[in-house]
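A.B. asks: Below you'll find coords.csv; it's CSV, C-alpha atoms and all ligand atoms.
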```
chain,number,residue,atom,x,y,z
A,1,MET,CA,58.2,-5.6,-62.2
A,2,THR,CA,56.0,-7.0,-59.5
A,3,GLN,CA,54.1,-4.7,-57.2
A,4,ASN,CA,54.8,-6.4,-53.8
A,5,SER,CA,58.4,-7.4,-54.3
A,6,ALA,CA,61.2,-6.5,-52.0
A,7,VAL,CA,63.1,-3.3,-52.8
A,8,LEU,CA,66.3,-5.2,-52.8
A,9,ASP,CA,66.5,-8.9,-53.3
A,10,ILE,CA,69.8,-10.7,-53.6
A,11,ARG,CA,70.0,-14.5,-54.1
A,12,SER,CA,72.9,-16.9,-54.3
A,13,LEU,CA,75.2,-14.1,-55.6
A,14,ARG,CA,78.7,-14.8,-56.6
A,15,PHE,CA,81.1,-12.5,-58.5
A,16,ALA,CA,84.5,-13.5,-59.8
A,17,TYR,CA,87.2,-11.7,-61.6
A,18,GLY,CA,88.4,-14.4,-64.0
A,19,ASP,CA,88.5,-17.6,-61.9
A,20,ARG,CA,88.9,-15.7,-58.6
A,21,THR,CA,85.7,-15.4,-56.6
A,22,VAL,CA,85.8,-12.1,-54.7
A,23,LEU,CA,82.2,-12.0,-53.4
A,24,GLN,CA,79.7,-14.5,-52.3
A,25,LEU,CA,76.4,-13.6,-50.6
A,26,GLU,CA,73.6,-16.2,-50.2
A,27,GLU,CA,70.6,-13.9,-49.4
A,28,LEU,CA,69.9,-10.3,-48.7
A,29,SER,CA,66.5,-8.9,-48.9
A,30,LEU,CA,65.2,-5.4,-47.8
A,31,GLN,CA,61.6,-4.2,-47.9
A,32,ALA,CA,60.6,-0.5,-48.2
A,33,GLY,CA,61.5,1.3,-45.0
A,34,GLU,CA,63.9,-1.5,-43.9
A,35,THR,CA,67.5,-0.9,-43.1
A,36,GLY,CA,70.6,-3.1,-43.4
A,37,ALA,CA,74.3,-3.1,-43.1
A,38,VAL,CA,76.9,-5.2,-44.9
A,39,LEU,CA,80.0,-5.4,-42.9
A,40,GLY,CA,83.4,-6.6,-44.2
A,41,PRO,CA,87.1,-5.8,-44.0
A,42,SER,CA,89.1,-4.2,-46.7
A,43,GLY,CA,89.1,-6.4,-49.8
A,44,SER,CA,86.0,-8.4,-48.8
A,45,GLY,CA,84.0,-7.2,-51.8
A,46,LYS,CA,82.0,-4.2,-50.5
A,47,THR,CA,82.6,-2.0,-53.5
A,48,THR,CA,82.0,-5.0,-55.8
A,49,LEU,CA,78.7,-5.5,-54.1
A,50,LEU,CA,77.7,-1.9,-54.5
A,51,HIS,CA,78.6,-2.1,-58.2
A,52,LEU,CA,76.5,-5.3,-58.6
A,53,ILE,CA,73.5,-3.6,-56.9
A,54,ALA,CA,73.9,-0.5,-59.1
A,55,GLY,CA,74.1,-2.7,-62.2
A,56,LEU,CA,77.6,-1.6,-63.0
A,57,LEU,CA,78.8,-5.2,-62.8
A,58,ARG,CA,76.9,-8.3,-63.7
A,59,PRO,CA,76.7,-11.3,-61.4
A,60,THR,CA,78.8,-14.3,-62.3
A,61,GLN,CA,76.1,-16.4,-60.6
A,62,GLY,CA,72.8,-15.6,-58.8
A,63,THR,CA,70.6,-12.6,-59.0
A,64,VAL,CA,70.2,-9.0,-57.8
A,65,ALA,CA,66.8,-7.4,-58.2
A,66,ILE,CA,65.6,-3.9,-57.3
A,67,CYS,CA,61.9,-3.6,-56.9
A,68,GLY,CA,61.5,-6.9,-58.8
A,69,GLN,CA,63.7,-5.8,-61.7
A,70,ARG,CA,67.0,-7.6,-62.5
A,71,LEU,CA,69.4,-4.9,-63.8
A,72,ASP,CA,71.3,-7.4,-65.8
A,73,ALA,CA,68.2,-8.0,-67.9
A,74,LEU,CA,68.2,-4.4,-69.0
A,75,GLY,CA,70.2,-2.8,-71.8
A,76,ALA,CA,72.7,0.0,-70.9
A,77,ALA,CA,70.4,3.0,-71.4
A,78,ALA,CA,67.4,1.4,-69.6
A,79,CYS,CA,69.8,0.3,-66.8
A,80,ASP,CA,71.0,3.9,-66.5
A,81,ARG,CA,67.4,5.2,-66.3
A,82,PHE,CA,66.4,2.6,-63.8
A,83,ARG,CA,69.4,3.3,-61.6
A,84,GLY,CA,68.8,7.0,-61.8
A,85,ARG,CA,65.1,6.7,-60.8
A,86,HIS,CA,65.3,4.0,-58.1
A,87,LEU,CA,68.7,4.3,-56.4
A,88,GLY,CA,70.2,7.1,-54.3
A,89,ILE,CA,73.9,6.8,-53.5
A,90,VAL,CA,75.9,8.5,-50.7
A,91,PHE,CA,79.5,8.1,-51.9
A,92,GLN,CA,82.4,7.8,-49.5
A,93,ARG,CA,83.9,10.8,-51.2
A,94,LEU,CA,80.8,12.9,-51.4
A,95,HIS,CA,81.3,14.1,-55.0
A,96,LEU,CA,79.3,17.3,-54.6
A,97,LEU,CA,79.7,19.6,-57.6
A,98,PRO,CA,81.9,22.5,-56.4
A,99,ALA,CA,80.7,25.1,-58.9
A,100,LEU,CA,77.0,24.6,-57.9
A,101,SER,CA,75.3,25.8,-54.8
A,102,VAL,CA,73.9,23.3,-52.3
A,103,LEU,CA,70.4,23.8,-53.7
A,104,ASP,CA,71.6,23.5,-57.3
A,105,ASN,CA,73.4,20.2,-56.5
A,106,LEU,CA,70.0,18.9,-55.4
A,107,LEU,CA,68.1,20.2,-58.4
A,108,LEU,CA,70.6,18.7,-60.7
A,109,ALA,CA,70.1,15.3,-59.0
A,110,GLN,CA,66.4,15.6,-59.6
A,111,ARG,CA,67.0,16.3,-63.2
A,112,LEU,CA,69.4,13.4,-63.7
A,113,ALA,CA,66.9,11.1,-62.0
A,114,GLY,CA,64.2,12.2,-64.5
A,115,VAL,CA,61.8,13.5,-61.9
A,116,ALA,CA,60.0,16.9,-61.9
A,117,HIS,CA,62.0,20.0,-60.9
A,118,ASP,CA,60.8,20.8,-57.4
A,119,ALA,CA,62.9,23.5,-55.6
A,120,LYS,CA,60.4,23.6,-52.7
A,121,ALA,CA,60.8,19.9,-52.0
A,122,ALA,CA,64.6,20.2,-52.2
A,123,GLN,CA,64.6,23.1,-49.8
A,124,SER,CA,62.3,21.2,-47.4
A,125,LEU,CA,64.7,18.3,-47.4
A,126,LEU,CA,67.6,20.6,-46.6
A,127,ASP,CA,65.5,22.1,-43.8
A,128,ALA,CA,64.7,18.6,-42.4
A,129,LEU,CA,68.5,18.0,-42.3
A,130,ASP,CA,69.1,21.3,-40.5
A,131,ILE,CA,71.1,22.8,-43.3
A,132,GLY,CA,68.3,24.9,-44.9
A,133,SER,CA,70.3,28.1,-44.4
A,134,LEU,CA,73.1,26.7,-46.5
A,135,ALA,CA,71.0,26.3,-49.7
A,136,GLY,CA,72.9,29.1,-51.4
A,137,SER,CA,76.4,28.1,-50.2
A,138,ARG,CA,79.1,26.4,-52.3
A,139,PRO,CA,80.2,22.9,-51.1
A,140,ALA,CA,83.7,24.2,-50.4
A,141,SER,CA,82.5,26.5,-47.6
A,142,LEU,CA,80.8,23.6,-45.7
A,143,SER,CA,82.2,21.6,-42.8
A,144,GLN,CA,82.6,17.9,-43.4
A,145,GLY,CA,79.4,17.1,-41.4
A,146,GLN,CA,77.4,19.7,-43.3
A,147,ALA,CA,78.7,18.4,-46.6
A,148,GLN,CA,77.7,14.9,-45.7
A,149,ARG,CA,74.2,16.1,-44.9
A,150,VAL,CA,74.1,17.7,-48.4
A,151,ALA,CA,75.2,14.4,-49.9
A,152,ILE,CA,72.4,12.6,-48.0
A,153,ALA,CA,69.9,15.2,-49.2
A,154,ARG,CA,71.1,14.9,-52.8
A,155,ALA,CA,70.8,11.1,-52.7
A,156,LEU,CA,67.2,11.3,-51.4
A,157,VAL,CA,65.8,14.3,-53.3
A,158,HIS,CA,64.3,12.2,-56.1
A,159,LYS,CA,62.7,9.8,-53.5
A,160,PRO,CA,64.6,6.7,-54.5
A,161,SER,CA,63.4,3.2,-53.6
A,162,LEU,CA,66.8,2.2,-52.3
A,163,LEU,CA,69.4,4.4,-50.6
A,164,LEU,CA,73.0,3.0,-50.6
A,165,ALA,CA,75.7,4.5,-48.4
A,166,ASP,CA,79.3,3.6,-48.9
A,167,GLU,CA,81.4,3.8,-45.7
A,168,PRO,CA,79.4,6.8,-44.4
A,169,THR,CA,81.0,6.8,-41.0
A,170,SER,CA,84.6,5.9,-41.6
A,171,SER,CA,86.1,9.4,-41.3
A,172,LEU,CA,83.8,10.5,-38.4
A,173,ASP,CA,84.3,10.5,-34.7
A,174,ASP,CA,81.9,8.4,-32.5
A,175,ASP,CA,79.3,11.1,-32.0
A,176,ASN,CA,79.2,12.1,-35.6
A,177,ALA,CA,79.2,8.5,-36.8
A,178,ALA,CA,76.1,7.8,-34.6
A,179,ARG,CA,74.5,11.0,-35.9
A,180,ALA,CA,75.2,10.1,-39.5
A,181,ILE,CA,73.6,6.7,-39.2
A,182,ASP,CA,70.6,8.1,-37.4
A,183,LEU,CA,70.1,10.7,-40.2
A,184,LEU,CA,70.4,8.1,-42.9
A,185,ARG,CA,67.9,5.9,-41.2
A,186,THR,CA,65.4,8.7,-40.4
A,187,GLN,CA,65.6,10.3,-43.8
A,188,ALA,CA,65.3,6.9,-45.7
A,189,ARG,CA,62.2,6.1,-43.7
A,190,ALA,CA,60.8,9.5,-44.4
A,191,VAL,CA,60.6,8.7,-48.1
A,192,ASN,CA,59.9,5.0,-47.4
A,193,ALA,CA,63.2,3.9,-49.0
A,194,ALA,CA,65.1,0.9,-48.0
A,195,LEU,CA,68.6,1.7,-46.7
A,196,LEU,CA,71.8,-0.4,-47.2
A,197,VAL,CA,75.0,0.7,-45.6
A,198,VAL,CA,78.2,-1.0,-46.7
A,199,THR,CA,81.1,-0.5,-44.4
A,200,HIS,CA,84.1,-1.9,-42.5
A,201,ASP,CA,83.1,0.2,-39.4
A,202,ARG,CA,82.0,-2.0,-36.6
A,203,ARG,CA,80.5,0.9,-34.7
A,204,ILE,CA,77.5,0.5,-36.9
A,205,ARG,CA,76.6,-2.9,-35.3
A,206,GLY,CA,73.2,-3.0,-33.8
A,207,ARG,CA,72.0,0.2,-35.3
A,208,LEU,CA,70.2,-1.1,-38.4
A,209,ASP,CA,67.5,-3.8,-38.8
A,210,ARG,CA,69.6,-6.3,-40.6
A,211,GLU,CA,73.3,-7.1,-40.5
A,212,LEU,CA,75.4,-9.3,-42.7
A,213,ARG,CA,79.1,-10.0,-42.7
A,214,ILE,CA,81.1,-10.7,-45.8
A,215,GLY,CA,84.6,-12.0,-46.0
A,216,SER,CA,87.0,-12.7,-48.8
A,217,ALA,CA,86.3,-15.9,-50.6
A,218,SER,CA,88.9,-17.8,-52.5
A,301,LIG,N1,89.1,-4.8,-61.6
A,301,LIG,C1,89.5,-5.8,-60.7
A,301,LIG,N2,90.1,-6.8,-61.2
A,301,LIG,C2,90.5,-7.9,-60.5
A,301,LIG,N3,90.3,-7.9,-59.1
A,301,LIG,C3,89.7,-6.9,-58.6
A,301,LIG,C4,89.2,-5.7,-59.3
A,301,LIG,N4,88.6,-4.9,-58.5
A,301,LIG,C5,88.7,-5.4,-57.3
A,301,LIG,N5,89.3,-6.6,-57.3
A,301,LIG,C6,89.6,-7.5,-56.2
A,301,LIG,O1,88.3,-7.9,-55.6
A,301,LIG,C7,88.4,-8.0,-54.2
A,301,LIG,C8,87.3,-7.1,-53.6
A,301,LIG,O2,87.5,-5.8,-53.9
A,301,LIG,P1,86.5,-4.6,-53.4
A,301,LIG,O3,87.1,-3.3,-53.9
A,301,LIG,O4,85.1,-5.0,-53.7
A,301,LIG,O5,86.7,-4.7,-51.8
A,301,LIG,P2,86.3,-3.7,-50.6
A,301,LIG,O6,85.7,-4.5,-49.6
A,301,LIG,O7,85.5,-2.6,-51.2
A,301,LIG,O8,87.7,-3.1,-50.2
A,301,LIG,P3,88.0,-1.7,-49.5
A,301,LIG,O9,87.3,-1.6,-48.2
A,301,LIG,O10,89.5,-1.8,-49.3
A,301,LIG,O11,87.6,-0.6,-50.5
A,301,LIG,C9,89.8,-7.5,-53.8
A,301,LIG,O12,90.6,-8.7,-53.5
A,301,LIG,C10,90.3,-6.8,-55.0
A,301,LIG,O13,91.7,-6.9,-55.1
```
In C-alpha cells, write the structure found in this file.
Ligand SMILES: Nc1ncnc2c1ncn2[C@@H]1O[C@H](COP(=O)(O)OP(=O)(O)OP(=O)(O)O)[C@@H](O)[C@H]1O
C.D. replies:
Amino acid sequence: MTQNSAVLDIRSLRFAYGDRTVLQLEELSLQAGETGAVLGPSGSGKTTLLHLIAGLLRPTQGTVAICGQRLDALGAAACDRFRGRHLGIVFQRLHLLPALSVLDNLLLAQRLAGVAHDAKAAQSLLDALDIGSLAGSRPASLSQGQAQRVAIARALVHKPSLLLADEPTSSLDDDNAARAIDLLRTQARAVNAALLVVTHDRRIRGRLDRELRIGSAS
C-alpha cells in the first residue's frame, strides 16, 4: 500500500457475466475528503460497481484499488479484514439489527471492523447526527429519517477510508433527500473519508464534487 495514493482508484474497469458486459467505467478516483456520485438507471450496473469496490466481485478487466490496495490481490480472509477496516457502507435497506439498541448497533460495527471498543466516540457520533437521545432505542421504534442517520453513524463509527452509499435518497422526499446528502457529505468529511454515492436519483446532481454517469453496455 502506498502512502499518498487515492482512497478510491478505478481504471479501465469492465465487468461481464459470461460474455455479457454489464459495466464499463474508464476512470474514477477519489482522494480523502472528496465526494462523488455515480448515476445510472436501473440495470446500468450500480450494484455490480459496489460489489467490485467492496471486493465481492473481481473485475473482468481493469483495476479497483482502495488506498493503493487491489482487493482482487488479497485472499478471502484478508479481503474481509481490509473491507471491514477501510469501507463503511450505507445500504439501501438499512440492515440495522433489530434486537440491538442503536448504540449497540454501532459498537458491534466497531468490533466487526476490528477497531477498539469506544462507546464515547459512538455516542459523540450519534450526538453529531442529532440522534444522541436515541442511543438506547431499538431500531423498530425510529422514524425512517432517524433510522437512516443511525445507518450513517454505523457506517462511520470505525472511521473508514471510504464511505459508500447505495441509493441513500430514493425513498425520501426532496427536503429529506437534500438533508441526507448533506449529512453524508459533512460526516464523511469529519473523518476525512472519501464518499461515493451510487444512485439513479437525479436530484443528487450538483451536490457532490464529482459526477459520473454509467449506462448499460452491450
Ligand atoms: N448474477 C447475475 N448474473 C447475470 N447477470 C446479472 C447478475 N446480476 C446482475 N446481472 C445483470 O447485470 C446488469 C447490471 O445489474 P445491477 O444490479 O448492477 O444494476 P443496477 O444499476 O444496480 O440496477 P437497479 O438500480 O435496478 O438495482 C443487469 O442487466 C442485470 O440483469
A.B. asks: Excluding stretch 196-203 of chain A and its own-chain neighbours fewer than 2 positions away, which residues fall within 6 Å of it when counting all atoms listed in the file? Please give them as a list in words.
C.D. replies: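 The filter keeps Thr35, Gly36, Ala37, Val38, Leu39, Gly40, Pro41, Leu164, Ala165, Asp166, Glu167 and Arg205 of chain A.
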A.B. asks: Please identify the residues whose atoms come within 6 Å of ligand LIG 301 (chain A), using all atoms listed in the file, and report them as a list in words.
C.D. replies: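 Listing the residues within 6 Å of ligand LIG 301 (chain A) gives Tyr17, Val22, Pro41, Ser42, Gly43, Ser44, Gly45, Lys46, Thr47 and Thr48 of chain A.
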A.B. asks: Could you tell me which of A:Ala32, A:Val157, A:Ile152, A:Ala16 comes closest to A:Arg189 if we count all atoms listed in the file?
C.D. replies: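 For A:Arg189, the nearest of the given residues is A:Ala32.
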A.B. asks: Calculated over all atoms listed in the file, which of the candidates A:Glu34, A:Glu27, A:Asp182, A:Asp80 has the smallest distance to A:Leu195?
C.D. replies: A:Glu34
A.B. asks: For a quick check of understanding, using only C-alpha atoms, which of A:Ile214, A:Ala147, A:Asn192, A:Val64 has the smallest distance to A:His51?
C.D. replies: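 Answer, going by the shortest atom-to-atom distance: A:Val64.
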A.B. asks: For atom CA of A:Ala109 and atom CA of A:Ala194, determine how far apart the two atoms are, in Å to one decimal place.
C.D. replies: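 Between atom CA of A:Ala109 and atom CA of A:Ala194 the gap works out to 18.8 Å.
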A.B. asks: Counting only C-alpha atoms, what is within 8 Å of stretch 132-142 of chain A, bar same-chain residues fewer than 3 positions away, as a list in words?
C.D. replies: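 Skipping anything fewer than 3 positions along the chain leaves Leu96, Leu97, Pro98, Ala99, Leu100, Ser101, Val102, Leu103, Gln123, Ser124, Leu125, Leu126, Asp127, Ala128, Leu129, Gly145, Gln146 and Ala147 of chain A.
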A.B. asks: With distances taken over all atoms listed in the file, which of A:Leu112, A:Val150, A:Leu162, A:Ala155 is nearest to A:Leu30?
C.D. replies: A:Leu162
A.B. asks: Could you list, as a list of chain:residue names, every residue within 9 Å of A:Ile181, counting all atoms listed in the file and ignoring same-chain residues fewer than 6 positions away?
C.D. replies: A:Pro168, A:Thr169, A:Val197, A:Ile204, A:Arg207, A:Leu208
A.B. asks: Residues of the last selection are to be written out with C-alpha atoms, as a PDB file, keeping the file's coordinate frame.
C.D. replies:
```pdb
ATOM      1  CA  PRO A 168      79.400   6.800 -44.400  1.00  0.00           C
ATOM      2  CA  THR A 169      81.000   6.800 -41.000  1.00  0.00           C
ATOM      3  CA  VAL A 197      75.000   0.700 -45.600  1.00  0.00           C
ATOM      4  CA  ILE A 204      77.500   0.500 -36.900  1.00  0.00           C
ATOM      5  CA  ARG A 207      72.000   0.200 -35.300  1.00  0.00           C
ATOM      6  CA  LEU A 208      70.200  -1.100 -38.400  1.00  0.00           C
TER       7      LEU A 208
END
```
A.B. asks: For stretch 13-15 of chain A, please output as a list in words all residues within 7 Å (counting all atoms listed in the file; exclusion window: fewer than 3 positions along the same chain).
C.D. replies: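 My list of contacting residues is Ile10, Thr21, Val22, Leu23, Gln24, Leu25, Glu26, Pro59, Thr60, Gln61, Gly62 and Thr63 of chain A.
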A.B. asks: Please measure the separation of atom CA of A:Gly206 and atom CA of A:Lys159, giving the value in Å to one decimal.
C.D. replies: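 We find that atom CA of A:Gly206 and atom CA of A:Lys159 lie 25.7 Å from each other.
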A.B. asks: How many Å separate atom CA of A:Ser170 from atom CA of A:Arg20?
C.D. replies: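 Computed distance, atom CA of A:Ser170 to atom CA of A:Arg20, equals 27.8 Å.
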A.B. asks: Please fill the gaps in stretch 43-59 of chain A so it has N, CA and C atoms, and write that as a short mmCIF file (atom, residue, chain, number, x, y, z; two decimals), keeping the file's coordinate frame.
C.D. replies:
```
data_model
loop_
_atom_site.label_atom_id
_atom_site.label_comp_id
_atom_site.auth_asym_id
_atom_site.auth_seq_id
_atom_site.Cartn_x
_atom_site.Cartn_y
_atom_site.Cartn_z
N GLY A 43 88.90 -5.33 -48.86
CA GLY A 43 89.10 -6.40 -49.80
C GLY A 43 88.05 -7.48 -49.79
N SER A 44 87.03 -7.33 -48.94
CA SER A 44 86.00 -8.40 -48.80
C SER A 44 84.95 -8.31 -49.90
N GLY A 45 84.97 -7.24 -50.69
CA GLY A 45 84.00 -7.20 -51.80
C GLY A 45 82.92 -6.17 -51.65
N LYS A 46 83.10 -5.20 -50.77
CA LYS A 46 82.00 -4.20 -50.50
C LYS A 46 81.75 -3.35 -51.75
N THR A 47 82.83 -2.84 -52.35
CA THR A 47 82.60 -2.00 -53.50
C THR A 47 82.06 -2.85 -54.68
N THR A 48 82.55 -4.08 -54.79
CA THR A 48 82.00 -5.00 -55.80
C THR A 48 80.51 -5.17 -55.60
N LEU A 49 80.09 -5.33 -54.35
CA LEU A 49 78.70 -5.50 -54.10
C LEU A 49 77.87 -4.27 -54.48
N LEU A 50 78.38 -3.08 -54.14
CA LEU A 50 77.70 -1.90 -54.50
C LEU A 50 77.55 -1.77 -56.06
N HIS A 51 78.62 -2.15 -56.75
CA HIS A 51 78.60 -2.10 -58.20
C HIS A 51 77.58 -3.12 -58.78
N LEU A 52 77.46 -4.26 -58.13
CA LEU A 52 76.50 -5.30 -58.60
C LEU A 52 75.06 -4.75 -58.35
N ILE A 53 74.84 -4.12 -57.19
CA ILE A 53 73.50 -3.60 -56.90
C ILE A 53 73.13 -2.47 -57.84
N ALA A 54 74.13 -1.66 -58.20
CA ALA A 54 73.90 -0.50 -59.10
C ALA A 54 73.84 -0.95 -60.56
N GLY A 55 74.10 -2.22 -60.83
CA GLY A 55 74.10 -2.70 -62.20
C GLY A 55 75.30 -2.32 -63.01
N LEU A 56 76.37 -1.93 -62.32
CA LEU A 56 77.60 -1.60 -63.00
C LEU A 56 78.45 -2.82 -63.29
N LEU A 57 78.20 -3.88 -62.51
CA LEU A 57 78.80 -5.20 -62.80
C LEU A 57 77.66 -6.19 -62.88
N ARG A 58 77.90 -7.28 -63.60
CA ARG A 58 76.90 -8.30 -63.70
C ARG A 58 77.32 -9.54 -62.90
N PRO A 59 76.38 -10.16 -62.17
CA PRO A 59 76.70 -11.30 -61.40
C PRO A 59 77.35 -12.44 -62.21
#
```
